[in-house]
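Student: Would you mind keeping the following structure in view while I ask a few things?
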Amino acid sequence: MSATRLRLSGRRLWAEWGGLALVMALFLAALALLGAPFRADNLIYDYVAREKVRAVSARVMIVAIDDRSLRELGRWPWPRSVHAGMLDALAAARPAAVGYDVLFLEPSGDDAALAAAMARLGRVQLPVLVEVPGDNGAPSATELPVVAAHGLGHVILRPDTDGIVRRVVQFTDPDGRPWPFLMDQLLRREPLPLPPPGQALEVEREVMIPFAAGPGGFPAASFVDVLRGRVPPALLKDRILLVGATGAGLGDRFSTPRSAELETMPGVEVQANYLNALLTGGVIRVAGPGWLLLFTLLPTAFMMLAFLRLSPRANALIGALLLAGTLAVSVMLLWWGSLWLPPVAALVGVAIVWPVWGWRRLDLANRYMVSELRALGEEPKLLPAPPEQLAGDPVERQIQLMHAAIRDVRDLRLFVNQSLDSLPDAALVTDMSGVVRIANAAAERLWRGRMPGGPVDAPLAAAFAALGQNDAQAEMLLSAMAAGRLPPDAGYESRLSDGMTLEIRLAFFTDAARLPLGWIARFADITALRASERQREDALKLLTHDMRAPQASILAVLQSDAGAVPADVAARIGRYARQTLELADDFVNLARAESGKFAREPLNLSDVLTDAVDDLWPLSSAKGISVRMTLPEEELMVRGDRTLLTRMLTNLVGNAIKYSPANRRIECVARVDESGAMISIADQGIGVAAEHLPLLFEPFRRLTEAIPTSGVSQSGAGLGLAFVKAVAEGHGGRVWAESAEGAGSVFTVKLPLLP
């Protein structure tokens, strides 16, 4: 059940991970593509803009319509003749180009003089007024200067949501024709023409302004000084001059990243900063939607992947590195690459998924832990324990469940230790690396004096060496253990130098999920057992030699001196001698079957049955009994001792012949089912009463004892069926009988098939 709950929790975790990843991807894509106004992005950009020192081009100079010019020349607006005079003064200085940031929209009597002055100067660029939307539902309205100029351009500056100007917007009309910006026109020898008026304006791209100077940071000359010749012409020669208002109350003033808190910058100085960037190659490009989307999604995607592979501590480190790295990449690209990738949307993604996923994973782990603790508490207790009364808030109940589980584990650990100590055999428990972690009391006694400090915390190989187990068998067993490929019979017997005989066995143990946890090594003292077996062998030798030899001699004497003993006496003596020989053989065969020492080989059980029936043909023919065999087409391949299996089936068929009246039939059927190979032997004999069936396979039980009214006299000590049972079970099978008194019997043997 816990594995099922774990799999369900795992699937739920994957589903929640996928759902969170999808939601975050859509959310961040919306933030990136819709241009969410994060003030933090602006703060980062402004910091870099203030801290990075940028060169101010010597080619840019401002002719300022300042307060002093207003005091000397009068109130604004000035007559067009004043501007014409300024253009003539500039023409004498021969500047490279002039951007005259003054709107000449209404006709005036001095327009002809102004136009003539522009023509004499050449390369004068004038601004146009663009309003969005236009009148009467038009997409836009454009008002052109009333005088002709070398080029025209818009001077639209759009502050960000915080009121600070950071960028220049470049527009196109629906046909893709650009609406040129005034500063861009100044650098073109042939300015671009304006699209037809009244067209919709579409944002082509945005360019960030790298402010090189704050208010008053560019070289400037007062308008009135230039007009009256107070400025040396050499100071103006070959420069790009921007004529614009800086005086109080004139023109637009903007907050910029270079402005102080209460300070603003005249529009002409903003234009000068953009023109300076064009001249020095420092214009800051805004990343396109694709790159911005990738930059926004990538940190969160990496964080989500880290959740699947790394630990919470590693994820915390990865999250901190992603936050710092994303910010650093954005700043470095802005500082050295003149590319603006706003980082805050990416930072927001990491900042959201990090705690959200951590909370979900913690909640899931907590739910799983509580579920497992409850299930553990409901399972049958291996050891008696008082029921845990849960009370208090959820956290207190969880603590109580944990307390009960820890108590049960401690009690179980004590119980396991006490159980191991109660075992008569020495036992060592190791971890997967082969280091002994637990040794019971018998093991402590076995290694006392052989291993200083005992076997605990020592490698199992060292414990083997302390017992003098340095031979090939020990090395092979330890090597197989280290490789995790122990054979089914993982162990051997060894006789120690002090005469003790040990049976050494290894087996691995697993957890509830069947995963290996370590090894259990058992060292059983079988010294007394082996001594008993030697005594048994001596007894068998007595049976096989000392008892058989005299009986064989008796039979030989009876055959050689047939006339020396009366015939009836000789027959009785011969019968008794043969019974004694059969009894000795039965004892020997039963002892061999019970020893489990079989000469196993692959064989066909159908062939074994055929051999047994053939061996008994004289006996069955003498009683007129028909023995019929039914054999399957496929082979009944088993692994076993041919001699013992043949003897087993001979006993069963022989019993069927012995306990069947003359001229009857015996059915021997071999077949295969899903669980193994089966041999059934059915007779039409005297049968066995139901209450006597459990006694059939016990030693020294004979049918004539169980059914005294049968009227059939049979010799034997009652060891035949005990031998059958020992052989069947020794081959991993079993034998059983079905019978009813007077209705015959069916004996069935089942053995495992050869894999």
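The chains in the structure tokens are called A, B, ... from first to last as shown; in each chain the residues are counted from 1, and the ligands are counted from 1 in the order shown.
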What's the 10 Å shell around Asp110 of chain A, counting only C-alpha atoms, without same-chain residues fewer than 2 positions away, as a list in words?
Tutor: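 Contacts, with the query itself left out: Pro79, Arg80, Ser81, Val82, His83, Ala84, Pro107, Ser108, Ala112, Ala113, Leu114 and Ala115 of chain A.
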Student: I want to know what sits within 6 Å of segment 454-460 of chain A, based on only C-alpha atoms, with residues of the same chain fewer than 5 positions away left out; could you give that as a VMD selection string?
Tutor: chain A and resid 434 to 437
Student: For segment 336-345 of chain A, find every residue with an atom within 7 Å (counting only C-alpha atoms), except residues of its own chain fewer than 5 positions away, and show them as a count of residues only.
Tutor: 17
Student: Under the rule that only C-alpha atoms are counted, which of A:Asp615, A:Glu667, A:Asp101, A:Glu601 is the nearest residue to Val627 of chain A?
Tutor: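 Of the candidates, the smallest distance to Val627 of chain A is held by A:Glu667.
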Student: Do you know which residues are at most 7 Å from Ala93 of chain A counting only C-alpha atoms, after dropping those on the same chain fewer than 3 positions away, and could you put them as a list in words?
Tutor: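 Non-adjacent residues within range: Ala89, Leu90, Pro233, Ala234, Leu236 and Lys237 of chain A.
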Student: Excluding same-chain residues fewer than 2 positions from segment 50-66 of chain A, what lies within 9 Å of it counting only C-alpha atoms, as a VMD selection string?
Tutor: chain A and resid 45 to 48 68 to 71 96 210 to 213 217 to 224 226 236 238 to 248 250 257 to 258 268 to 269 272 to 273 275 to 277 279 to 280 282 335
